[in-house]
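> Data file target_15.pdb (PDB, C-alpha atoms, pLDDT in the B column) is appended below.
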ATOM      1  CA  MET A  20       0.000   0.000   0.000  1.00 93.00           C
ATOM      2  CA  LYS A  21       1.206   3.518  -0.791  1.00 97.00           C
ATOM      3  CA  ILE A  22       1.259   6.068   2.002  1.00 97.00           C
ATOM      4  CA  TYR A  23       2.216   9.736   2.004  1.00 98.00           C
ATOM      5  CA  HIS A  24       4.009  12.219   4.241  1.00 97.00           C
ATOM      6  CA  GLY A  25       3.801  15.964   3.619  1.00 96.00           C
ATOM      7  CA  SER A  26       6.872  17.971   4.600  1.00 96.00           C
ATOM      8  CA  ILE A  27       8.953  21.006   3.712  1.00 96.00           C
ATOM      9  CA  GLU A  28      11.824  18.491   3.419  1.00 95.00           C
ATOM     10  CA  LYS A  29      12.501  15.486   1.244  1.00 97.00           C
ATOM     11  CA  VAL A  30      12.268  12.575   3.680  1.00 97.00           C
ATOM     12  CA  ILE A  31      14.031   9.617   2.109  1.00 96.00           C
ATOM     13  CA  SER A  32      14.815   8.036   5.494  1.00 96.00           C
ATOM     14  CA  PRO A  33      11.919   8.593   7.924  1.00 96.00           C
ATOM     15  CA  GLU A  34      12.824   9.045  11.564  1.00 94.00           C
ATOM     16  CA  ILE A  35      11.101   9.364  14.912  1.00 92.00           C
ATOM     17  CA  ARG A  36      11.009  12.991  16.017  1.00 83.00           C
ATOM     18  CA  LYS A  37       9.644  14.409  19.223  1.00 79.00           C
ATOM     19  CA  PRO A  38       7.338  17.335  18.408  1.00 77.00           C
ATOM     20  CA  THR A  39       7.258  20.718  20.078  1.00 74.00           C
ATOM     21  CA  ARG A  40       3.509  20.355  20.609  1.00 75.00           C
ATOM     22  CA  THR A  41       1.096  17.591  21.538  1.00 77.00           C
ATOM     23  CA  LEU A  42      -0.251  15.460  18.689  1.00 83.00           C
ATOM     24  CA  ASP A  43      -3.202  13.080  18.288  1.00 86.00           C
ATOM     25  CA  TYR A  44      -1.257   9.844  18.662  1.00 92.00           C
ATOM     26  CA  GLY A  45       1.962  10.979  20.308  1.00 91.00           C
ATOM     27  CA  PHE A  46       5.420  11.438  18.828  1.00 91.00           C
ATOM     28  CA  GLY A  47       6.711   9.632  15.772  1.00 94.00           C
ATOM     29  CA  PHE A  48       6.404   9.733  11.995  1.00 96.00           C
ATOM     30  CA  TYR A  49       2.939  10.578  10.630  1.00 95.00           C
ATOM     31  CA  THR A  50       1.615   9.475   7.244  1.00 97.00           C
ATOM     32  CA  THR A  51      -1.740   9.101   5.497  1.00 96.00           C
ATOM     33  CA  THR A  52      -3.219   7.020   2.682  1.00 96.00           C
ATOM     34  CA  SER A  53      -4.590  10.254   1.169  1.00 94.00           C
ATOM     35  CA  TYR A  54      -2.313  12.127  -1.234  1.00 96.00           C
ATOM     36  CA  SER A  55      -4.542  15.210  -1.006  1.00 93.00           C
ATOM     37  CA  GLN A  56      -4.304  15.185   2.811  1.00 92.00           C
ATOM     38  CA  ALA A  57      -0.494  14.988   2.662  1.00 95.00           C
ATOM     39  CA  GLU A  58      -0.504  17.834   0.138  1.00 96.00           C
ATOM     40  CA  ALA A  59      -2.736  19.930   2.431  1.00 91.00           C
ATOM     41  CA  TRP A  60      -0.397  19.243   5.380  1.00 91.00           C
ATOM     42  CA  VAL A  61       2.662  20.367   3.431  1.00 95.00           C
ATOM     43  CA  LYS A  62       0.933  23.512   2.155  1.00 96.00           C
ATOM     44  CA  ARG A  63       0.056  24.480   5.729  1.00 91.00           C
ATOM     45  CA  LYS A  64       3.689  23.913   6.768  1.00 93.00           C
ATOM     46  CA  MET A  65       4.915  25.956   3.801  1.00 96.00           C
ATOM     47  CA  VAL A  66       2.791  28.919   4.901  1.00 95.00           C
ATOM     48  CA  GLU A  67       3.831  28.536   8.570  1.00 93.00           C
ATOM     49  CA  ASN A  68       7.517  28.423   7.600  1.00 95.00           C
ATOM     50  CA  ASN A  69       7.301  31.000   4.798  1.00 96.00           C
ATOM     51  CA  VAL A  70       8.748  28.691   2.144  1.00 96.00           C
ATOM     52  CA  SER A  71       7.626  28.364  -1.466  1.00 96.00           C
ATOM     53  CA  VAL A  72       8.308  24.678  -2.030  1.00 97.00           C
ATOM     54  CA  GLY A  73       7.420  21.520  -0.123  1.00 97.00           C
ATOM     55  CA  TYR A  74       7.176  17.813  -0.790  1.00 98.00           C
ATOM     56  CA  VAL A  75       4.834  14.882  -0.649  1.00 98.00           C
ATOM     57  CA  ASN A  76       7.043  11.923   0.189  1.00 98.00           C
ATOM     58  CA  ILE A  77       5.678   8.604  -1.046  1.00 98.00           C
ATOM     59  CA  TYR A  78       6.379   5.245   0.577  1.00 98.00           C
ATOM     60  CA  GLN A  79       5.399   1.636   0.152  1.00 97.00           C
ATOM     61  CA  LEU A  80       4.125   0.082   3.388  1.00 96.00           C
ATOM     62  CA  ASP A  81       5.241  -3.541   3.765  1.00 94.00           C
ATOM     63  CA  GLU A  82       2.017  -5.112   4.998  1.00 90.00           C
ATOM     64  CA  CYS A  83       3.488  -8.637   5.044  1.00 89.00           C
ATOM     65  CA  HIS A  84       5.312  -7.979   8.338  1.00 88.00           C
ATOM     66  CA  ILE A  85       2.820  -5.639   9.995  1.00 90.00           C
ATOM     67  CA  ASP A  86       1.311  -8.443  12.092  1.00 88.00           C
ATOM     68  CA  ASN A  87       4.569  -8.675  14.068  1.00 89.00           C
ATOM     69  CA  LEU A  88       3.967  -5.216  15.543  1.00 96.00           C
ATOM     70  CA  ASN A  89       1.892  -3.837  18.394  1.00 97.00           C
ATOM     71  CA  ILE A  90      -0.815  -1.874  16.541  1.00 96.00           C
ATOM     72  CA  LEU A  91      -3.671   0.249  17.812  1.00 97.00           C
ATOM     73  CA  PHE A  92      -6.356   0.531  15.130  1.00 96.00           C
ATOM     74  CA  PHE A  93      -9.342   2.905  15.090  1.00 95.00           C
ATOM     75  CA  ASP A  94     -11.536   2.658  12.001  1.00 90.00           C
ATOM     76  CA  SER A  95     -13.781   5.531  13.135  1.00 87.00           C
ATOM     77  CA  PRO A  96     -14.268   7.966  16.023  1.00 87.00           C
ATOM     78  CA  THR A  97     -15.124   5.904  19.109  1.00 90.00           C
ATOM     79  CA  ASP A  98     -15.027   6.402  22.879  1.00 91.00           C
ATOM     80  CA  GLU A  99     -11.621   4.719  22.943  1.00 94.00           C
ATOM     81  CA  TRP A 100     -10.310   6.934  20.120  1.00 92.00           C
ATOM     82  CA  VAL A 101     -11.467  10.114  21.906  1.00 90.00           C
ATOM     83  CA  ASP A 102      -9.853   8.958  25.162  1.00 92.00           C
ATOM     84  CA  PHE A 103      -6.588   8.091  23.407  1.00 94.00           C
ATOM     85  CA  VAL A 104      -6.391  11.401  21.516  1.00 90.00           C
ATOM     86  CA  MET A 105      -7.243  13.355  24.696  1.00 89.00           C
ATOM     87  CA  ARG A 106      -4.524  11.555  26.688  1.00 91.00           C
ATOM     88  CA  ASN A 107      -1.957  12.379  24.002  1.00 90.00           C
ATOM     89  CA  ARG A 108      -3.040  16.002  23.806  1.00 84.00           C
ATOM     90  CA  THR A 109      -3.549  16.821  27.472  1.00 86.00           C
ATOM     91  CA  GLN A 110      -1.210  14.598  29.492  1.00 88.00           C
ATOM     92  CA  LYS A 111       2.224  16.122  28.965  1.00 80.00           C
ATOM     93  CA  ASP A 112       4.224  12.999  29.777  1.00 82.00           C
ATOM     94  CA  TYR A 113       1.764  10.432  28.406  1.00 89.00           C
ATOM     95  CA  LYS A 114       3.521   7.574  26.625  1.00 90.00           C
ATOM     96  CA  HIS A 115       2.147   4.498  24.910  1.00 95.00           C
ATOM     97  CA  ASP A 116       3.876   1.338  23.719  1.00 95.00           C
ATOM     98  CA  TYR A 117       2.273   0.880  20.302  1.00 97.00           C
ATOM     99  CA  ASP A 118       4.529   0.524  17.274  1.00 97.00           C
ATOM    100  CA  ILE A 119       1.832   1.889  14.949  1.00 97.00           C
ATOM    101  CA  VAL A 120      -1.385   3.777  15.602  1.00 97.00           C
ATOM    102  CA  TYR A 121      -3.960   4.098  12.821  1.00 96.00           C
ATOM    103  CA  GLY A 122      -7.152   6.134  12.820  1.00 94.00           C
ATOM    104  CA  PRO A 123      -8.962   9.306  11.818  1.00 90.00           C
ATOM    105  CA  VAL A 124      -7.178  12.637  11.492  1.00 82.00           C
ATOM    106  CA  ALA A 125      -8.290  15.323  13.881  1.00 63.00           C
ATOM    107  CA  ASN A 126      -8.377  18.249  11.407  1.00 63.00           C
ATOM    108  CA  ASP A 127      -9.420  21.859  12.126  1.00 64.00           C
ATOM    109  CA  LYS A 128     -13.140  21.020  12.356  1.00 70.00           C
ATOM    110  CA  VAL A 129     -12.348  18.133  14.659  1.00 73.00           C
ATOM    111  CA  TYR A 130     -10.130  20.359  16.835  1.00 73.00           C
ATOM    112  CA  ALA A 131     -13.071  22.741  17.274  1.00 81.00           C
ATOM    113  CA  ALA A 132     -15.336  19.880  18.337  1.00 83.00           C
ATOM    114  CA  PHE A 133     -12.652  18.590  20.733  1.00 81.00           C
ATOM    115  CA  ALA A 134     -12.354  22.086  22.235  1.00 83.00           C
ATOM    116  CA  LEU A 135     -16.088  22.026  23.003  1.00 88.00           C
ATOM    117  CA  TYR A 136     -15.653  18.617  24.643  1.00 88.00           C
ATOM    118  CA  GLU A 137     -12.579  19.716  26.598  1.00 84.00           C
ATOM    119  CA  GLY A 138     -14.439  22.794  27.801  1.00 87.00           C
ATOM    120  CA  GLY A 139     -17.329  20.682  29.064  1.00 89.00           C
ATOM    121  CA  LEU A 140     -19.784  22.204  26.567  1.00 92.00           C
ATOM    122  CA  ILE A 141     -20.586  18.835  24.979  1.00 91.00           C
ATOM    123  CA  ASP A 142     -20.247  15.299  26.284  1.00 90.00           C
ATOM    124  CA  LYS A 143     -18.330  12.431  24.674  1.00 90.00           C
ATOM    125  CA  LYS A 144     -21.448  10.970  23.051  1.00 89.00           C
ATOM    126  CA  ALA A 145     -22.251  14.328  21.387  1.00 90.00           C
ATOM    127  CA  LEU A 146     -18.606  14.704  20.313  1.00 88.00           C
ATOM    128  CA  ILE A 147     -18.546  11.288  18.630  1.00 87.00           C
ATOM    129  CA  SER A 148     -21.923  11.925  17.014  1.00 86.00           C
ATOM    130  CA  GLU A 149     -20.633  15.239  15.630  1.00 82.00           C
ATOM    131  CA  LEU A 150     -17.395  13.680  14.386  1.00 80.00           C
ATOM    132  CA  LYS A 151     -19.248  10.931  12.535  1.00 75.00           C
ATOM    133  CA  THR A 152     -20.849  13.600  10.325  1.00 74.00           C
ATOM    134  CA  TYR A 153     -17.405  14.693   9.069  1.00 70.00           C
ATOM    135  CA  LYS A 154     -15.565  13.036   6.216  1.00 73.00           C
ATOM    136  CA  LEU A 155     -12.387  12.189   8.084  1.00 76.00           C
ATOM    137  CA  VAL A 156      -9.206  11.075   6.353  1.00 85.00           C
ATOM    138  CA  ASP A 157      -6.804   8.681   8.020  1.00 92.00           C
ATOM    139  CA  GLN A 158      -3.373   8.850   9.552  1.00 94.00           C
ATOM    140  CA  TYR A 159      -0.722   6.326  10.490  1.00 96.00           C
ATOM    141  CA  LEU A 160       1.688   7.078  13.293  1.00 96.00           C
ATOM    142  CA  PHE A 161       4.928   5.112  13.111  1.00 97.00           C
ATOM    143  CA  HIS A 162       5.973   5.337  16.747  1.00 96.00           C
ATOM    144  CA  THR A 163       9.009   3.038  16.870  1.00 96.00           C
ATOM    145  CA  GLU A 164      12.113   2.296  14.828  1.00 96.00           C
ATOM    146  CA  LYS A 165      10.780  -1.235  14.357  1.00 96.00           C
ATOM    147  CA  ALA A 166       7.663   0.204  12.690  1.00 97.00           C
ATOM    148  CA  LEU A 167       9.701   2.491  10.429  1.00 97.00           C
ATOM    149  CA  GLN A 168      11.398  -0.596   8.971  1.00 96.00           C
ATOM    150  CA  LEU A 169       8.123  -1.306   7.115  1.00 96.00           C
ATOM    151  CA  LEU A 170       8.439   1.867   5.023  1.00 97.00           C
ATOM    152  CA  LYS A 171      10.259   1.855   1.702  1.00 97.00           C
ATOM    153  CA  PHE A 172      10.805   5.245   0.052  1.00 98.00           C
ATOM    154  CA  ILE A 173       9.439   5.360  -3.507  1.00 98.00           C
ATOM    155  CA  GLU A 174       9.596   8.981  -4.665  1.00 98.00           C
ATOM    156  CA  VAL A 175       8.932  12.588  -3.811  1.00 98.00           C
ATOM    157  CA  LYS A 176       6.533  15.022  -5.482  1.00 98.00           C
ATOM    158  CA  GLU A 177       7.257  18.743  -5.329  1.00 98.00           C
ATOM    159  CA  VAL A 178       4.480  21.049  -4.090  1.00 97.00           C
ATOM    160  CA  ARG A 179       4.355  24.795  -4.732  1.00 95.00           C
ATOM    161  CA  LEU A 180       1.986  27.436  -3.415  1.00 88.00           C
TER     162      LEU A 180
END
Could you express the structure from this file as structure tokens?


Amino acid sequence: MKIYHGSIEKVISPEIRKPTRTLDYGFGFYTTTSYSQAEAWVKRKMVENNVSVGYVNIYQLDECHIDNLNILFFDSPTDEWVDFVMRNRTQKDYKHDYDIVYGPVANDKVYAAFALYEGGLIDKKALISELKTYKLVDQYLFHTEKALQLLKFIEVKEVRL
């Protein structure tokens, strides 16, 4: 399966990086099965960093050996998904031991809904109900070096604003 990573860098050899902010699934290397989502991510980074060129890095995911890893899989927004994302976002030192986490992307609309939940304005059931009305794309977090071994770089596509 092809997966994509949007960046202002060419990323031939993916690596685990600790972010400067909290992320949905914790630290690691994020990808998606959606080219357009990766392209949107890189365009946002290009604007944030005031650069005129970025890249969609394309990889082949070796699915033959994926069963040997500790994987957390969410196929849609669920109670467990909400709890996991909230732990990663709000508990500064939260760590998990999954090699790969797969599930929906919490985009800008989702962040707004999560803010309502965090502020106590809606409950978890209302949050999940709201999220199920959105067309959510996916994301893979490669959280360990062992997981990164499943990625084979194919090519890079240049993106311009």

> Considering all atoms listed in the file, state which residue in the set A:Tyr49, A:Tyr117, A:Tyr23, A:Tyr78 is at the smallest distance from A:Leu160.

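Counting all atoms listed in the file, the residue closest to A:Leu160 is A:Tyr49.
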
> Taking all atoms listed in the file into account, name the residue in A:Gly73, A:Pro123, A:Gly139, A:Gly25 that is nearest to A:Tyr159.

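Counting all atoms listed in the file, the residue closest to A:Tyr159 is A:Pro123.
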
> Which is closer to A:Phe172 than all the others in A:Leu42, A:Leu150, A:Ile77, A:Val72, using all atoms listed in the file?

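For A:Phe172, the nearest of the given residues is A:Ile77.
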
> I'd like the contact shell of A:Asn76 - 8 Å cut-off, all atoms listed in the file, skipping same-chain residues fewer than 2 positions apart - returned as an mmCIF file with C-alpha atoms, keeping the file's coordinate frame.


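Printed below is part_18.cif as written:
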data_model
loop_
_atom_site.group_PDB
_atom_site.id
_atom_site.type_symbol
_atom_site.label_atom_id
_atom_site.label_comp_id
_atom_site.auth_asym_id
_atom_site.auth_seq_id
_atom_site.Cartn_x
_atom_site.Cartn_y
_atom_site.Cartn_z
ATOM 1 C CA TYR A 23 2.216 9.736 2.004
ATOM 2 C CA HIS A 24 4.009 12.219 4.241
ATOM 3 C CA GLY A 25 3.801 15.964 3.619
ATOM 4 C CA SER A 26 6.872 17.971 4.600
ATOM 5 C CA LYS A 29 12.501 15.486 1.244
ATOM 6 C CA VAL A 30 12.268 12.575 3.680
ATOM 7 C CA ILE A 31 14.031 9.617 2.109
ATOM 8 C CA TYR A 74 7.176 17.813 -0.790
ATOM 9 C CA TYR A 78 6.379 5.245 0.577
ATOM 10 C CA PHE A 172 10.805 5.245 0.052
ATOM 11 C CA ILE A 173 9.439 5.360 -3.507
ATOM 12 C CA GLU A 174 9.596 8.981 -4.665
ATOM 13 C CA VAL A 175 8.932 12.588 -3.811
ATOM 14 C CA LYS A 176 6.533 15.022 -5.482
#

> Could you check how far atom CA of A:Leu146 sits from atom CA of A:Arg40, in Å to one decimal?

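So the two atoms, atom CA of A:Leu146 and atom CA of A:Arg40, lie 22.8 Å apart.
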
> Given the file shown, determine the residues that the PyMOL selection byres ((chain A and resi 79) around 7) selects; report them as a PDB file with C-alpha atoms, in the frame of the given file.


ATOM      1  CA  MET A  20       0.000   0.000   0.000  1.00 93.00           C
ATOM      2  CA  LYS A  21       1.206   3.518  -0.791  1.00 97.00           C
ATOM      3  CA  ILE A  22       1.259   6.068   2.002  1.00 97.00           C
ATOM      4  CA  TYR A  78       6.379   5.245   0.577  1.00 98.00           C
ATOM      5  CA  LEU A  80       4.125   0.082   3.388  1.00 96.00           C
ATOM      6  CA  ASP A  81       5.241  -3.541   3.765  1.00 94.00           C
ATOM      7  CA  LEU A 170       8.439   1.867   5.023  1.00 97.00           C
ATOM      8  CA  LYS A 171      10.259   1.855   1.702  1.00 97.00           C
ATOM      9  CA  PHE A 172      10.805   5.245   0.052  1.00 98.00           C
ATOM     10  CA  ILE A 173       9.439   5.360  -3.507  1.00 98.00           C
TER      11      ILE A 173
END

> For A:Glu34, which of A:Leu167, A:Val70, A:Leu135, A:Val101 is the closest residue, counting all atoms listed in the file?

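Once distances to A:Glu34 are computed over all atoms listed in the file, the minimum belongs to A:Leu167.
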
> Pick the closest to A:Cys83 from A:Val124, A:Leu180, A:Leu169, A:Ile141: which is it, counting only C-alpha atoms?

A:Leu169

> Mind checking which residues fall within 8 Å of stretch 89-92 of chain A, counting only C-alpha atoms, ignoring those fewer than 2 positions away in the same chain, and posting them as a PyMOL selection string?

chain A and resi 86-87+94+116-122

> So how far away is atom CA of A:Lys37 from atom CA of A:Ser71, in Å?

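About the pair atom CA of A:Ser71 and atom CA of A:Lys37: they are 25.0 Å apart.
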
> Using only the atoms of stretch 162-176 of chain A listed in the file, plus 8 Å on each side, state the axis-aligned box centre and edge lengths in Å rounded to one decimal, as JSON.


{"center_x": 9.0, "center_y": 6.9, "center_z": 5.7, "size_x": 22.1, "size_y": 32.3, "size_z": 38.4}

> May I ask which of the residues A:Ser95, A:Asn68, A:Ser32, A:Asn107 is the closest one to A:Ser148, counting all atoms listed in the file?

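Among A:Ser95, A:Asn68, A:Ser32, A:Asn107, it is A:Ser95 that comes nearest to A:Ser148.
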
> Expand the PyMOL selection byres ((chain A and resi 41) around 9) into the individual residues it matches in the shown file, reporting them as a tab-separated table (two decimals) with C-alpha atoms, in the coordinates of the input.


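Final output, saved to selection.tsv:
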chain	number	residue	atom	x	y	z
A	38	PRO	CA	7.34	17.34	18.41
A	39	THR	CA	7.26	20.72	20.08
A	40	ARG	CA	3.51	20.36	20.61
A	42	LEU	CA	-0.25	15.46	18.69
A	43	ASP	CA	-3.20	13.08	18.29
A	44	TYR	CA	-1.26	9.84	18.66
A	45	GLY	CA	1.96	10.98	20.31
A	46	PHE	CA	5.42	11.44	18.83
A	107	ASN	CA	-1.96	12.38	24.00
A	108	ARG	CA	-3.04	16.00	23.81
A	109	THR	CA	-3.55	16.82	27.47
A	110	GLN	CA	-1.21	14.60	29.49
A	111	LYS	CA	2.22	16.12	28.96

> Quick check, in Å to one decimal: how far apart do atom CA of A:Thr97 and atom CA of A:Ile147 lie?

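Atom CA of A:Ile147 lies at a distance of 6.4 Å from atom CA of A:Thr97.
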
> List as a ChimeraX atom specification the residues having at least one atom at most 9 Å from position (-3.1, 14.9, 5.6) as given in the file, counting only C-alpha atoms.

/A:23-25,49-61,124,126,156-158
